[in-house]
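S.K.: Next up, model38.cif (mmCIF, C-alpha atoms; chains and numbers go by the auth columns).
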data_structure
#
loop_
_atom_site.group_PDB
_atom_site.id
_atom_site.type_symbol
_atom_site.label_atom_id
_atom_site.label_comp_id
_atom_site.label_asym_id
_atom_site.label_seq_id
_atom_site.Cartn_x
_atom_site.Cartn_y
_atom_site.Cartn_z
_atom_site.B_iso_or_equiv
_atom_site.auth_seq_id
_atom_site.auth_asym_id
ATOM 1 C CA MET A 1 37.029 151.768 85.084 0.00 96 W
ATOM 2 C CA SER A 2 40.057 150.051 83.582 0.00 97 W
ATOM 3 C CA ALA A 3 42.224 153.165 83.940 0.00 98 W
ATOM 4 C CA GLU A 4 41.119 153.414 87.561 0.00 99 W
ATOM 5 C CA ALA A 5 42.027 149.752 88.072 0.00 100 W
ATOM 6 C CA LEU A 6 45.543 150.391 86.787 0.00 101 W
ATOM 7 C CA GLU A 7 45.987 153.351 89.125 0.00 102 W
ATOM 8 C CA ARG A 8 44.957 151.151 92.062 0.00 103 W
ATOM 9 C CA LEU A 9 48.043 149.037 91.356 0.00 104 W
ATOM 10 C CA ARG A 10 50.525 151.900 91.642 0.00 105 W
ATOM 11 C CA GLY A 11 53.273 150.921 94.080 0.00 106 W
ATOM 12 C CA ARG A 12 51.526 147.673 94.965 0.00 107 W
ATOM 13 C CA LEU A 13 51.860 143.901 94.641 0.00 108 W
ATOM 14 C CA VAL A 14 50.008 141.862 92.035 0.00 109 W
ATOM 15 C CA VAL A 15 49.954 138.093 92.523 0.00 110 W
ATOM 16 C CA SER A 16 49.808 135.708 89.579 0.00 111 W
ATOM 17 C CA CYS A 17 47.478 132.789 90.284 0.00 112 W
ATOM 18 C CA GLN A 18 48.180 130.122 87.665 0.00 113 W
ATOM 19 C CA ALA A 19 48.706 126.373 87.556 0.00 114 W
ATOM 20 C CA TYR A 20 50.089 124.284 84.728 0.00 115 W
ATOM 21 C CA PRO A 21 48.056 121.641 82.871 0.00 116 W
ATOM 22 C CA GLY A 22 47.988 118.316 84.702 0.00 117 W
ATOM 23 C CA GLU A 23 48.819 119.789 88.109 0.00 118 W
ATOM 24 C CA PRO A 24 46.556 119.186 91.128 0.00 119 W
ATOM 25 C CA LEU A 25 45.656 122.887 91.330 0.00 120 W
ATOM 26 C CA ARG A 26 44.821 123.160 87.628 0.00 121 W
ATOM 27 C CA ASP A 27 41.177 123.996 88.348 0.00 122 W
ATOM 28 C CA PRO A 28 39.272 127.296 88.102 0.00 123 W
ATOM 29 C CA ASP A 29 37.849 127.017 91.612 0.00 124 W
ATOM 30 C CA ALA A 30 41.290 126.260 93.030 0.00 125 W
ATOM 31 C CA MET A 31 42.606 129.433 91.385 0.00 126 W
ATOM 32 C CA ARG A 32 39.624 131.391 92.683 0.00 127 W
ATOM 33 C CA ARG A 33 40.446 130.230 96.189 0.00 128 W
ATOM 34 C CA MET A 34 44.114 130.974 95.635 0.00 129 W
ATOM 35 C CA ALA A 35 43.191 134.495 94.579 0.00 130 W
ATOM 36 C CA LEU A 36 41.091 135.027 97.691 0.00 131 W
ATOM 37 C CA ALA A 37 43.950 133.724 99.849 0.00 132 W
ATOM 38 C CA VAL A 38 46.527 136.134 98.419 0.00 133 W
ATOM 39 C CA ILE A 39 44.069 139.012 98.657 0.00 134 W
ATOM 40 C CA GLU A 40 43.843 138.312 102.383 0.00 135 W
ATOM 41 C CA GLY A 41 47.626 138.579 102.462 0.00 136 W
ATOM 42 C CA GLY A 42 47.581 142.037 100.910 0.00 137 W
ATOM 43 C CA ALA A 43 47.666 141.546 97.127 0.00 138 W
ATOM 44 C CA ALA A 44 46.318 144.638 95.387 0.00 139 W
ATOM 45 C CA GLY A 45 45.497 142.786 92.178 0.00 140 W
ATOM 46 C CA ILE A 46 45.478 139.396 90.501 0.00 141 W
ATOM 47 C CA ARG A 47 46.992 138.129 87.268 0.00 142 W
ATOM 48 C CA ALA A 48 45.448 134.914 85.967 0.00 143 W
ATOM 49 C CA GLN A 49 45.063 132.916 82.779 0.00 144 W
ATOM 50 C CA GLY A 50 42.287 131.011 81.069 0.00 145 W
ATOM 51 C CA ILE A 51 38.702 132.029 80.453 0.00 146 W
ATOM 52 C CA ALA A 52 37.153 129.850 83.171 0.00 147 W
ATOM 53 C CA ASP A 53 39.722 130.944 85.777 0.00 148 W
ATOM 54 C CA LEU A 54 39.217 134.602 84.936 0.00 149 W
ATOM 55 C CA GLU A 55 35.453 134.348 85.135 0.00 150 W
ATOM 56 C CA ALA A 56 35.646 132.593 88.502 0.00 151 W
ATOM 57 C CA ILE A 57 38.073 135.147 89.929 0.00 152 W
ATOM 58 C CA ARG A 58 36.132 138.104 88.524 0.00 153 W
ATOM 59 C CA ALA A 59 32.994 136.835 90.245 0.00 154 W
ATOM 60 C CA ALA A 60 34.866 136.584 93.554 0.00 155 W
ATOM 61 C CA THR A 61 36.580 139.984 93.726 0.00 156 W
ATOM 62 C CA ASP A 62 36.431 143.486 92.324 0.00 157 W
ATOM 63 C CA LEU A 63 40.168 144.050 92.719 0.00 158 W
ATOM 64 C CA PRO A 64 42.074 144.848 89.514 0.00 159 W
ATOM 65 C CA LEU A 65 42.380 141.744 87.350 0.00 160 W
ATOM 66 C CA ILE A 66 45.049 141.228 84.690 0.00 161 W
ATOM 67 C CA GLY A 67 43.867 138.490 82.361 0.00 162 W
ATOM 68 C CA LEU A 68 45.515 136.406 79.688 0.00 163 W
ATOM 69 C CA TRP A 69 44.927 133.213 77.759 0.00 164 W
ATOM 70 C CA LYS A 70 47.793 130.790 77.226 0.00 165 W
ATOM 71 C CA ASP A 71 47.232 128.800 74.056 0.00 166 W
ATOM 72 C CA GLY A 72 50.103 126.645 72.844 0.00 167 W
ATOM 73 C CA ALA A 73 53.403 125.556 74.316 0.00 168 W
ATOM 74 C CA SER A 74 56.043 127.517 72.417 0.00 169 W
ATOM 75 C CA GLY A 75 56.564 130.751 70.562 0.00 170 W
ATOM 76 C CA VAL A 76 53.849 133.356 71.055 0.00 171 W
ATOM 77 C CA PHE A 77 51.251 131.712 73.289 0.00 172 W
ATOM 78 C CA ILE A 78 50.252 134.400 75.803 0.00 173 W
ATOM 79 C CA THR A 79 47.006 135.784 74.371 0.00 174 W
ATOM 80 C CA PRO A 80 48.423 135.182 70.891 0.00 175 W
ATOM 81 C CA THR A 81 45.681 136.670 68.690 0.00 176 W
ATOM 82 C CA ALA A 82 43.070 139.416 68.681 0.00 177 W
ATOM 83 C CA ALA A 83 40.377 136.750 69.111 0.00 178 W
ATOM 84 C CA HIS A 84 42.065 135.515 72.282 0.00 179 W
ATOM 85 C CA ALA A 85 42.406 139.087 73.532 0.00 180 W
ATOM 86 C CA LEU A 86 38.709 139.812 72.996 0.00 181 W
ATOM 87 C CA ALA A 87 37.724 136.626 74.805 0.00 182 W
ATOM 88 C CA VAL A 88 39.844 137.675 77.785 0.00 183 W
ATOM 89 C CA ALA A 89 38.328 141.170 77.742 0.00 184 W
ATOM 90 C CA ARG A 90 34.825 139.678 77.880 0.00 185 W
ATOM 91 C CA THR A 91 35.605 137.898 81.159 0.00 186 W
ATOM 92 C CA GLY A 92 35.645 141.252 82.899 0.00 187 W
ATOM 93 C CA ALA A 93 39.419 141.455 83.242 0.00 188 W
ATOM 94 C CA ASP A 94 40.435 145.093 83.578 0.00 189 W
ATOM 95 C CA ILE A 95 43.743 144.643 81.776 0.00 190 W
ATOM 96 C CA VAL A 96 44.484 142.162 79.002 0.00 191 W
ATOM 97 C CA ALA A 97 48.067 140.871 78.983 0.00 192 W
ATOM 98 C CA LEU A 98 49.545 139.685 75.704 0.00 193 W
ATOM 99 C CA ASP A 99 52.857 138.686 74.176 0.00 194 W
ATOM 100 C CA ALA A 100 54.352 141.814 72.632 0.00 195 W
ATOM 101 C CA THR A 101 57.705 140.351 71.621 0.00 196 W
ATOM 102 C CA GLY A 102 59.006 140.614 68.103 0.00 197 W
ATOM 103 C CA ARG A 103 58.313 136.952 67.357 0.00 198 W
ATOM 104 C CA PRO A 104 55.775 136.057 64.635 0.00 199 W
ATOM 105 C CA ARG A 105 52.235 135.668 65.898 0.00 200 W
ATOM 106 C CA PRO A 106 50.520 132.348 65.135 0.00 201 W
ATOM 107 C CA ASP A 107 47.838 133.877 62.918 0.00 202 W
ATOM 108 C CA GLY A 108 50.294 136.121 61.096 0.00 203 W
ATOM 109 C CA ARG A 109 48.415 139.239 62.187 0.00 204 W
ATOM 110 C CA PRO A 110 50.165 142.324 63.607 0.00 205 W
ATOM 111 C CA LEU A 111 50.405 143.123 67.315 0.00 206 W
ATOM 112 C CA ALA A 112 48.584 146.410 66.714 0.00 207 W
ATOM 113 C CA GLU A 113 45.442 144.487 65.781 0.00 208 W
ATOM 114 C CA SER A 114 45.268 142.865 69.220 0.00 209 W
ATOM 115 C CA ILE A 115 45.932 146.146 71.012 0.00 210 W
ATOM 116 C CA ASP A 116 43.224 147.911 69.027 0.00 211 W
ATOM 117 C CA ALA A 117 40.738 145.097 69.675 0.00 212 W
ATOM 118 C CA VAL A 118 41.257 145.342 73.440 0.00 213 W
ATOM 119 C CA HIS A 119 40.852 149.109 73.400 0.00 214 W
ATOM 120 C CA ARG A 120 37.636 148.850 71.403 0.00 215 W
ATOM 121 C CA ALA A 121 36.371 146.486 74.097 0.00 216 W
ATOM 122 C CA GLY A 122 37.050 149.165 76.705 0.00 217 W
ATOM 123 C CA ARG A 123 39.990 147.428 78.405 0.00 218 W
ATOM 124 C CA LEU A 124 43.651 148.218 78.853 0.00 219 W
ATOM 125 C CA VAL A 125 46.609 146.342 77.372 0.00 220 W
ATOM 126 C CA MET A 126 49.615 145.014 79.253 0.00 221 W
ATOM 127 C CA ALA A 127 52.409 144.253 76.799 0.00 222 W
ATOM 128 C CA ASP A 128 54.606 141.379 77.983 0.00 223 W
ATOM 129 C CA VAL A 129 58.076 141.959 76.527 0.00 224 W
ATOM 130 C CA ALA A 130 61.609 140.591 76.709 0.00 225 W
ATOM 131 C CA THR A 131 63.681 143.572 75.577 0.00 226 W
ATOM 132 C CA GLU A 132 63.788 147.345 75.759 0.00 227 W
ATOM 133 C CA GLU A 133 63.170 147.627 72.015 0.00 228 W
ATOM 134 C CA GLU A 134 60.004 145.531 72.314 0.00 229 W
ATOM 135 C CA GLY A 135 58.771 147.686 75.171 0.00 230 W
ATOM 136 C CA LEU A 136 59.316 150.873 73.210 0.00 231 W
ATOM 137 C CA ARG A 137 57.536 149.397 70.200 0.00 232 W
ATOM 138 C CA ALA A 138 54.568 148.183 72.240 0.00 233 W
ATOM 139 C CA ALA A 139 54.125 151.550 73.912 0.00 234 W
ATOM 140 C CA GLY A 140 54.314 153.221 70.518 0.00 235 W
ATOM 141 C CA LEU A 141 51.504 150.952 69.319 0.00 236 W
ATOM 142 C CA GLY A 142 49.319 152.017 72.212 0.00 237 W
ATOM 143 C CA ALA A 143 49.990 149.528 75.022 0.00 238 W
ATOM 144 C CA ASP A 144 48.865 151.027 78.327 0.00 239 W
ATOM 145 C CA VAL A 145 51.426 149.247 80.486 0.00 240 W
ATOM 146 C CA VAL A 146 54.590 147.306 79.707 0.00 241 W
ATOM 147 C CA GLY A 147 55.727 144.261 81.684 0.00 242 W
ATOM 148 C CA THR A 148 59.148 142.607 81.787 0.00 243 W
ATOM 149 C CA THR A 149 57.410 139.218 81.926 0.00 244 W
ATOM 150 C CA LEU A 150 59.223 137.576 79.045 0.00 245 W
ATOM 151 C CA SER A 151 62.782 138.678 79.725 0.00 246 W
ATOM 152 C CA GLY A 152 64.873 135.522 79.629 0.00 247 W
ATOM 153 C CA TYR A 153 62.248 133.462 77.846 0.00 248 W
ATOM 154 C CA THR A 154 63.079 134.334 74.247 0.00 249 W
ATOM 155 C CA ALA A 155 66.214 134.115 72.153 0.00 250 W
ATOM 156 C CA ASP A 156 66.588 137.896 72.337 0.00 251 W
ATOM 157 C CA ALA A 157 67.236 138.198 76.068 0.00 252 W
ATOM 158 C CA PRO A 158 69.503 136.134 78.347 0.00 253 W
ATOM 159 C CA ARG A 159 67.866 134.440 81.319 0.00 254 W
ATOM 160 C CA LEU A 160 69.150 135.861 84.578 0.00 255 W
ATOM 161 C CA PRO A 161 68.927 133.924 87.846 0.00 256 W
ATOM 162 C CA GLY A 162 66.680 136.658 89.252 0.00 257 W
ATOM 163 C CA PRO A 163 64.512 139.469 87.893 0.00 258 W
ATOM 164 C CA ASP A 164 65.810 141.612 85.059 0.00 259 W
ATOM 165 C CA LEU A 165 66.126 144.802 87.085 0.00 260 W
ATOM 166 C CA GLY A 166 68.217 146.427 84.380 0.00 261 W
ATOM 167 C CA LEU A 167 65.337 146.100 81.922 0.00 262 W
ATOM 168 C CA VAL A 168 62.921 147.483 84.513 0.00 263 W
ATOM 169 C CA GLU A 169 65.155 150.515 85.003 0.00 264 W
ATOM 170 C CA ARG A 170 65.735 151.145 81.296 0.00 265 W
ATOM 171 C CA LEU A 171 62.063 150.886 80.399 0.00 266 W
ATOM 172 C CA SER A 172 60.998 153.025 83.350 0.00 267 W
ATOM 173 C CA ARG A 173 63.331 155.772 82.200 0.00 268 W
ATOM 174 C CA ALA A 174 62.366 155.531 78.533 0.00 269 W
ATOM 175 C CA LEU A 175 58.584 155.183 78.708 0.00 270 W
ATOM 176 C CA ASP A 176 55.741 157.419 79.778 0.00 271 W
ATOM 177 C CA VAL A 177 53.473 154.408 80.417 0.00 272 W
ATOM 178 C CA PRO A 178 53.749 152.332 83.621 0.00 273 W
ATOM 179 C CA VAL A 179 56.327 149.546 83.705 0.00 274 W
ATOM 180 C CA VAL A 180 55.492 146.423 85.692 0.00 275 W
ATOM 181 C CA ALA A 181 58.276 144.174 86.955 0.00 276 W
ATOM 182 C CA GLU A 182 57.511 140.493 86.474 0.00 277 W
ATOM 183 C CA GLY A 183 59.580 137.361 86.125 0.00 278 W
ATOM 184 C CA ARG A 184 61.697 135.404 88.636 0.00 279 W
ATOM 185 C CA ILE A 185 60.910 137.668 91.586 0.00 280 W
ATOM 186 C CA HIS A 186 61.323 135.125 94.363 0.00 281 W
ATOM 187 C CA THR A 187 61.948 137.159 97.510 0.00 282 W
ATOM 188 C CA PRO A 188 60.574 140.294 99.183 0.00 283 W
ATOM 189 C CA GLU A 189 64.018 141.841 98.762 0.00 284 W
ATOM 190 C CA GLN A 190 63.870 141.327 94.989 0.00 285 W
ATOM 191 C CA ALA A 191 60.385 142.850 94.896 0.00 286 W
ATOM 192 C CA ARG A 192 61.660 145.886 96.808 0.00 287 W
ATOM 193 C CA ALA A 193 64.611 146.163 94.422 0.00 288 W
ATOM 194 C CA ALA A 194 62.238 146.128 91.450 0.00 289 W
ATOM 195 C CA MET A 195 60.315 149.046 92.917 0.00 290 W
ATOM 196 C CA ALA A 196 63.586 150.888 93.535 0.00 291 W
ATOM 197 C CA ALA A 197 64.496 150.306 89.870 0.00 292 W
ATOM 198 C CA GLY A 198 61.409 152.260 88.848 0.00 293 W
ATOM 199 C CA ALA A 199 58.637 149.686 88.599 0.00 294 W
ATOM 200 C CA PHE A 200 55.070 150.968 88.773 0.00 295 W
ATOM 201 C CA ALA A 201 54.017 147.659 90.353 0.00 296 W
ATOM 202 C CA VAL A 202 55.419 144.186 90.891 0.00 297 W
ATOM 203 C CA VAL A 203 53.921 140.851 89.832 0.00 298 W
ATOM 204 C CA VAL A 204 54.936 137.746 91.786 0.00 299 W
ATOM 205 C CA GLY A 205 53.673 134.293 90.879 0.00 300 W
ATOM 206 C CA THR A 206 55.728 131.155 91.457 0.00 301 W
ATOM 207 C CA ALA A 207 57.170 132.204 94.815 0.00 302 W
ATOM 208 C CA ILE A 208 53.657 132.667 96.240 0.00 303 W
ATOM 209 C CA THR A 209 51.232 130.464 94.335 0.00 304 W
ATOM 210 C CA HIS A 210 53.146 127.483 92.956 0.00 305 W
ATOM 211 C CA PRO A 211 53.665 125.033 95.843 0.00 306 W
ATOM 212 C CA THR A 212 55.295 122.379 93.665 0.00 307 W
ATOM 213 C CA THR A 213 58.156 124.703 92.768 0.00 308 W
ATOM 214 C CA ILE A 214 58.460 126.143 96.274 0.00 309 W
ATOM 215 C CA THR A 215 58.586 122.650 97.772 0.00 310 W
ATOM 216 C CA GLY A 216 61.316 121.748 95.305 0.00 311 W
ATOM 217 C CA TRP A 217 63.418 124.671 96.485 0.00 312 W
ATOM 218 C CA PHE A 218 63.247 123.455 100.069 0.00 313 W
ATOM 219 C CA ALA A 219 63.670 119.783 99.181 0.00 314 W
ATOM 220 C CA ARG A 220 66.872 120.487 97.278 0.00 315 W
ATOM 221 C CA ALA A 221 68.128 122.742 100.058 0.00 316 W
ATOM 222 C CA VAL A 222 67.903 119.961 102.637 0.00 317 W
ATOM 223 C CA GLY A 223 69.339 117.359 100.286 0.00 318 W
ATOM 224 C CA ASN A 224 66.109 115.477 99.853 0.00 319 W
ATOM 225 C CA GLY A 225 67.075 113.259 96.957 0.00 320 W
ATOM 226 C CA GLN A 226 63.937 111.120 97.125 0.00 321 W
ATOM 227 C CA PRO A 227 60.820 113.348 97.172 0.00 322 W
ATOM 228 C CA GLY A 228 57.872 111.784 98.940 0.00 323 W
ATOM 229 C CA GLN A 229 59.889 109.698 101.389 0.00 324 W
ATOM 230 C CA GLY A 230 59.807 110.543 105.040 0.00 325 W
ATOM 231 C CA ALA A 231 58.653 109.522 108.486 0.00 326 W
#
Represent the supplied structure as structure tokens.

M.R.:
Amino acid sequence: MSAEALERLRGRLVVSCQAYPGEPLRDPDAMRRMALAVIEGGAAGIRAQGIADLEAIRAATDLPLIGLWKDGASGVFITPTAAHALAVARTGADIVALDATGRPRPDGRPLAESIDAVHRAGRLVMADVATEEEGLRAAGLGADVVGTTLSGYTADAPRLPGPDLGLVERLSRALDVPVVAEGRIHTPEQARAAMAAGAFAVVVGTAITHPTTITGWFARAVGNGQPGQGA
């Protein structure tokens, strides 16, 4: 079923439904509702984080679900260990996303251990990477799909103002596994450009599901120096 779920994402949009701790929408039911809303808009799949959120979303839809568990605030914190990966797999997520950068993992265990654990649980692995070398390594270790999620968020890759389309293109040419474009895709034009660069699918989060950030874009554009003030 997981392989079928991945194929259902080919050439389609995945929407990331996440909220940060302390935010008004940081609630599993809010993310479930967010997921249902973006599905109505045409999302072919959902990416979400946290066990409770994943369980709530899985119960609400049978569309492909990419799951992860953020634990920590720095370094490797996207599904950082095999134990985290197994917990995500048990929520019913079709694909387990995890940090596949070259940085040390918090438990000191190798990346291959997490990939193997997910496969034993009957799920697929999405390797979130920052560089071409990390993508090649992750695929060599058995990752089923590679995402450009972490480009610009580690010391090994500069942060571009928009998506890292160059990385999408290089990975798409070098790998036999699907490459998913993710990270700073803020407009439909950028999403289209990612597909043209060779992406198997595109993940968009902030620009669709994070109203605080989107409001900030507009507030700054109109010179609103004092948020919250108005007629």

S.K.: Using only C-alpha atoms for the distances, tell me which of W:Ala225, W:Arg105, W:Ala100, W:Gly237 is nearest to Phe295 in chain W.

M.R.: W:Arg105

S.K.: Nearest residue to Gln285 in chain W out of W:Gly300, W:Gly140, W:Pro123, W:Pro258, using only C-alpha atoms?

M.R.: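 Of the candidates, the smallest distance to Gln285 in chain W is held by W:Pro258.
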
S.K.: Counting all atoms listed in the file, which of W:Leu245, W:Leu108, W:Val272, W:Leu260 gets nearest to Leu219 in chain W?

M.R.: W:Val272

S.K.: Could you tell me which of W:Gly278, W:Gly170, W:Pro306, W:Pro205 comes closest to Met129 in chain W if we count only C-alpha atoms?

M.R.: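 Closest residue, counting only C-alpha atoms: W:Pro306.
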
S.K.: Taking 4 positions as the minimum chain separation for residues in the same chain, which residues sit within 8 Å of Ile210 in chain W when counting all atoms listed in the file? Answer as a PyMOL selection string.

M.R.: chain W and resi 177+206+214+220+236-238

S.K.: Keeping only C-alpha atoms, take the residues you just selected and write them out as an mmCIF file, in the coordinates of the input.

M.R.:
data_model
loop_
_atom_site.group_PDB
_atom_site.id
_atom_site.type_symbol
_atom_site.label_atom_id
_atom_site.label_comp_id
_atom_site.auth_asym_id
_atom_site.auth_seq_id
_atom_site.Cartn_x
_atom_site.Cartn_y
_atom_site.Cartn_z
ATOM 1 C CA ALA W 177 43.070 139.416 68.681
ATOM 2 C CA LEU W 206 50.405 143.123 67.315
ATOM 3 C CA HIS W 214 40.852 149.109 73.400
ATOM 4 C CA VAL W 220 46.609 146.342 77.372
ATOM 5 C CA LEU W 236 51.504 150.952 69.319
ATOM 6 C CA GLY W 237 49.319 152.017 72.212
ATOM 7 C CA ALA W 238 49.990 149.528 75.022
#

S.K.: What separation in Å, quoted to one decimal, exists between CA of Ala154 in chain W and CA of Arg121 in chain W?

M.R.: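 CA of Arg121 in chain W lies 18.3 Å from CA of Ala154 in chain W.
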
S.K.: Choose the residue, out of W:Asp189, W:Asp202, W:Asp148, W:Asp251, that has the smallest atom-to-atom separation from Cys112 in chain W; count all atoms listed in the file.

M.R.: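 Under the stated criterion, the closest residue is W:Asp148.
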
S.K.: To one decimal place in Å, what is the distance between CA of Pro283 in chain W and CA of Ala125 in chain W?

M.R.: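 Separation between CA of Pro283 in chain W and CA of Ala125 in chain W: 24.6 Å.
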
S.K.: Run the PyMOL selection byres ((chain W and resi 164) around 6) on the file and write out the hits as a PyMOL selection string.

M.R.: chain W and resi 144-145+163+165+173-174

S.K.: Using all atoms listed in the file, which of the listed residues (W:Gly203, W:Ala250, W:Thr282, W:Gly293) sits closest to Ala269 in chain W?

M.R.: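 The closest residue to Ala269 in chain W is W:Gly293.
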
S.K.: Got a sec: who's within 12 Å of Val213 in chain W, counting all atoms listed in the file, leaving out chain neighbours fewer than 2 positions off, as a count of residues only?

M.R.: 38
